[in-house]
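K.L.:
First the structure, then my questions, so here it is.
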Amino acid sequence: MTTLKSKLQEDLNSAIKERDELRSSTLRLTLAAITKEEVAGKQKRELSDDEVQKVITREAKKRREAAEAFAQGGRAESAEREKAEGEVLAAYLPKQLSDEELNTIVAQAVEEAKAAGAEGPRAMGAVMKIVNPKVAGQAEGGRVAAAVKKLLAG
(Lines give C-alpha, C1' and ligand atoms only; values in the text may rest on other atoms or scores of the structure.)
Protein backbone atom coordinates (compact mmCIF):
# COMPACT_ATOMS: atom_id res chain seq x y z
CA MET A 1 0.00 0.00 0.00
CA THR A 2 1.30 3.45 -0.84
CA THR A 3 2.19 5.79 1.99
CA LEU A 4 -0.53 8.33 1.17
CA LYS A 5 -3.20 5.65 0.87
CA SER A 6 -2.12 4.06 4.16
CA LYS A 7 -2.19 7.50 5.84
CA LEU A 8 -5.77 7.94 4.60
CA GLN A 9 -6.65 4.51 6.00
CA GLU A 10 -5.06 5.28 9.38
CA ASP A 11 -6.83 8.64 9.55
CA LEU A 12 -10.12 6.94 8.69
CA ASN A 13 -9.63 4.47 11.55
CA SER A 14 -8.88 7.26 14.03
CA ALA A 15 -11.86 9.30 12.76
CA ILE A 16 -14.12 6.31 13.30
CA LYS A 17 -12.77 5.82 16.84
CA GLU A 18 -13.28 9.52 17.57
CA ARG A 19 -16.79 9.30 16.09
CA ASP A 20 -15.95 12.14 13.69
CA GLU A 21 -18.73 11.55 11.15
CA LEU A 22 -17.61 14.22 8.68
CA ARG A 23 -13.98 13.05 8.42
CA SER A 24 -14.85 9.36 8.40
CA SER A 25 -17.46 9.66 5.63
CA THR A 26 -15.20 11.92 3.54
CA LEU A 27 -12.22 9.56 3.90
CA ARG A 28 -14.42 6.53 3.15
CA LEU A 29 -15.64 8.10 -0.09
CA THR A 30 -12.09 9.07 -1.07
CA LEU A 31 -10.72 5.60 -0.35
CA ALA A 32 -13.59 4.13 -2.38
CA ALA A 33 -12.64 6.41 -5.29
CA ILE A 34 -9.00 5.26 -4.98
CA THR A 35 -10.06 1.59 -4.96
CA LYS A 36 -12.31 2.19 -7.96
CA GLU A 37 -9.36 3.72 -9.81
CA GLU A 38 -7.17 0.73 -8.87
CA VAL A 39 -9.61 -1.81 -10.31
CA ALA A 40 -10.48 0.25 -13.40
CA GLY A 41 -9.13 -1.14 -16.64
CA LYS A 42 -8.17 -4.68 -17.51
CA GLN A 43 -5.94 -5.38 -14.52
CA LYS A 44 -6.01 -4.45 -10.83
CA ARG A 45 -3.00 -2.37 -9.86
CA GLU A 46 -1.59 -0.41 -6.94
CA LEU A 47 -1.72 3.37 -7.40
CA SER A 48 1.40 5.43 -6.80
CA ASP A 49 1.31 8.37 -4.38
CA ASP A 50 1.07 10.76 -7.34
CA GLU A 51 -1.94 8.88 -8.72
CA VAL A 52 -3.57 8.81 -5.27
CA GLN A 53 -2.95 12.56 -5.06
CA LYS A 54 -4.71 13.05 -8.42
CA VAL A 55 -7.73 11.11 -7.13
CA ILE A 56 -7.83 13.26 -3.97
CA THR A 57 -7.55 16.41 -6.10
CA ARG A 58 -10.44 15.22 -8.27
CA GLU A 59 -12.55 14.46 -5.18
CA ALA A 60 -11.76 17.90 -3.69
CA LYS A 61 -12.77 19.56 -6.97
CA LYS A 62 -16.07 17.64 -6.91
CA ARG A 63 -16.73 18.96 -3.39
CA ARG A 64 -15.94 22.54 -4.43
CA GLU A 65 -18.23 22.36 -7.47
CA ALA A 66 -21.02 20.73 -5.44
CA ALA A 67 -20.73 23.44 -2.76
CA GLU A 68 -21.10 26.13 -5.44
CA ALA A 69 -24.10 24.35 -6.97
CA PHE A 70 -25.79 23.96 -3.56
CA ALA A 71 -25.11 27.61 -2.72
CA GLN A 72 -26.67 28.74 -6.01
CA GLY A 73 -29.63 26.46 -5.38
CA GLY A 74 -30.25 28.02 -1.97
CA ARG A 75 -29.20 24.94 0.02
CA ALA A 76 -26.73 26.56 2.41
CA GLU A 77 -26.59 23.56 4.79
CA SER A 78 -25.55 21.16 2.00
CA ALA A 79 -23.08 23.73 0.65
CA GLU A 80 -21.43 24.02 4.08
CA ARG A 81 -21.16 20.23 4.33
CA GLU A 82 -19.45 20.04 0.91
CA LYS A 83 -17.06 22.85 1.85
CA ALA A 84 -16.18 21.08 5.10
CA GLU A 85 -15.50 17.84 3.20
CA GLY A 86 -13.30 19.80 0.78
CA GLU A 87 -11.30 21.18 3.71
CA VAL A 88 -10.78 17.65 5.06
CA LEU A 89 -9.37 16.60 1.67
CA ALA A 90 -7.26 19.77 1.34
CA ALA A 91 -5.16 18.55 4.28
CA TYR A 92 -3.88 15.72 2.04
CA LEU A 93 -3.02 17.95 -0.92
CA PRO A 94 0.09 20.08 -1.47
CA LYS A 95 -0.25 23.74 -0.61
CA GLN A 96 -1.89 25.64 -3.47
CA LEU A 97 0.06 28.38 -5.21
CA SER A 98 -0.97 31.94 -4.50
CA ASP A 99 -2.11 34.09 -7.44
CA GLU A 100 1.21 35.98 -7.38
CA GLU A 101 3.27 32.77 -7.47
CA LEU A 102 1.12 31.38 -10.28
CA ASN A 103 1.38 34.61 -12.32
CA THR A 104 5.19 34.59 -11.92
CA ILE A 105 5.45 31.02 -13.23
CA VAL A 106 3.05 31.78 -16.10
CA ALA A 107 4.96 34.96 -17.02
CA GLN A 108 8.22 32.98 -17.25
CA ALA A 109 6.50 30.36 -19.41
CA VAL A 110 5.08 33.06 -21.73
CA GLU A 111 8.62 34.45 -22.16
CA GLU A 112 9.94 30.96 -22.93
CA ALA A 113 7.17 30.36 -25.48
CA LYS A 114 7.78 33.74 -27.14
CA ALA A 115 11.50 32.95 -27.33
CA ALA A 116 10.53 29.70 -29.07
CA GLY A 117 8.47 31.68 -31.60
CA ALA A 118 4.94 31.30 -30.24
CA GLU A 119 2.93 34.54 -30.46
CA GLY A 120 -0.49 35.82 -29.43
CA PRO A 121 -3.48 33.70 -28.40
CA ARG A 122 -2.24 30.75 -30.46
CA ALA A 123 0.65 30.38 -28.01
CA MET A 124 -1.78 29.07 -25.37
CA GLY A 125 -0.92 25.40 -26.00
CA ALA A 126 2.83 26.01 -25.97
CA VAL A 127 2.63 27.99 -22.73
CA MET A 128 0.38 25.40 -21.05
CA LYS A 129 2.89 22.65 -21.95
CA ILE A 130 5.60 24.62 -20.15
CA VAL A 131 3.47 25.61 -17.12
CA ASN A 132 1.60 22.38 -16.32
CA PRO A 133 4.61 20.30 -15.17
CA LYS A 134 5.78 23.17 -12.96
CA VAL A 135 2.45 23.64 -11.16
CA ALA A 136 1.21 20.03 -11.15
CA GLY A 137 -1.04 19.54 -8.13
CA GLN A 138 -0.44 23.04 -6.83
CA ALA A 139 -2.93 24.92 -9.01
CA GLU A 140 -6.15 23.89 -10.71
CA GLY A 141 -6.12 23.73 -14.51
CA GLY A 142 -8.83 26.38 -14.82
CA ARG A 143 -6.83 28.85 -12.74
CA VAL A 144 -3.71 28.18 -14.82
CA ALA A 145 -5.57 28.57 -18.13
CA ALA A 146 -7.16 31.84 -16.96
CA ALA A 147 -3.76 33.24 -15.94
CA VAL A 148 -2.21 32.22 -19.29
CA LYS A 149 -5.08 33.78 -21.29
CA LYS A 150 -4.81 36.99 -19.26
CA LEU A 151 -1.07 37.32 -19.87
CA LEU A 152 -1.29 36.41 -23.57
CA ALA A 153 -4.11 38.89 -24.16
CA GLY A 154 -2.37 41.69 -22.27
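If you're wondering about the labels, chains in the C-alpha coordinates are A, B, ... by order shown, residues count from 1 in each chain, ligands from 1 in order shown.
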I want to know what sits within 8 Å of range 94-109 of chain A, based on only C-alpha atoms, with residues of the same chain fewer than 2 positions away left out; could you give that as number ranges by chain?
P.N.:
A: 90-92, 111-113, 127, 130-131, 134-135, 137-139, 144, 147-148, 151
K.L.:
Which residues are close to range 26-36 of chain A, i.e. within 12 Å by only C-alpha atoms, leaving aside same-chain residues fewer than 6 positions away? Reply as a PyMOL selection string.
P.N.:
chain A and resi 1-2+4-16+20+43-60+62-63+81-92
K.L.:
May I ask for the distance between CA of Ala153 in chain A and CA of Lys114 in chain A, given in Å to one decimal place?
P.N.:
13.3 Å
K.L.:
Please measure the separation of CA of Arg143 in chain A and CA of Glu65 in chain A, giving the value in Å to one decimal.
P.N.:
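Separation between CA of Arg143 in chain A and CA of Glu65 in chain A: 14.1 Å.
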K.L.:
Could you check how far CA of Arg122 in chain A sits from CA of Gly142 in chain A, in Å to one decimal?
P.N.:
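Answer for the CA of Arg122 in chain A to CA of Gly142 in chain A separation: 17.5 Å.
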K.L.:
I need the residues of range 47-150 of chain A that end up classed as helix (DSSP H, G or I) by DSSP on the backbone, written out as JSON, numbers by chain.
P.N.:
{"A": [49, 50, 51, 52, 53, 54, 55, 56, 57, 58, 59, 60, 61, 62, 63, 64, 65, 66, 67, 68, 69, 70, 71, 72, 76, 77, 78, 79, 80, 81, 82, 83, 84, 85, 86, 87, 88, 89, 90, 99, 100, 101, 102, 103, 104, 105, 106, 107, 108, 109, 110, 111, 112, 113, 114, 115, 120, 121, 122, 123, 124, 125, 126, 127, 128, 129, 130, 131, 132, 133, 134, 135, 141, 142, 143, 144, 145, 146, 147, 148, 149, 150]}
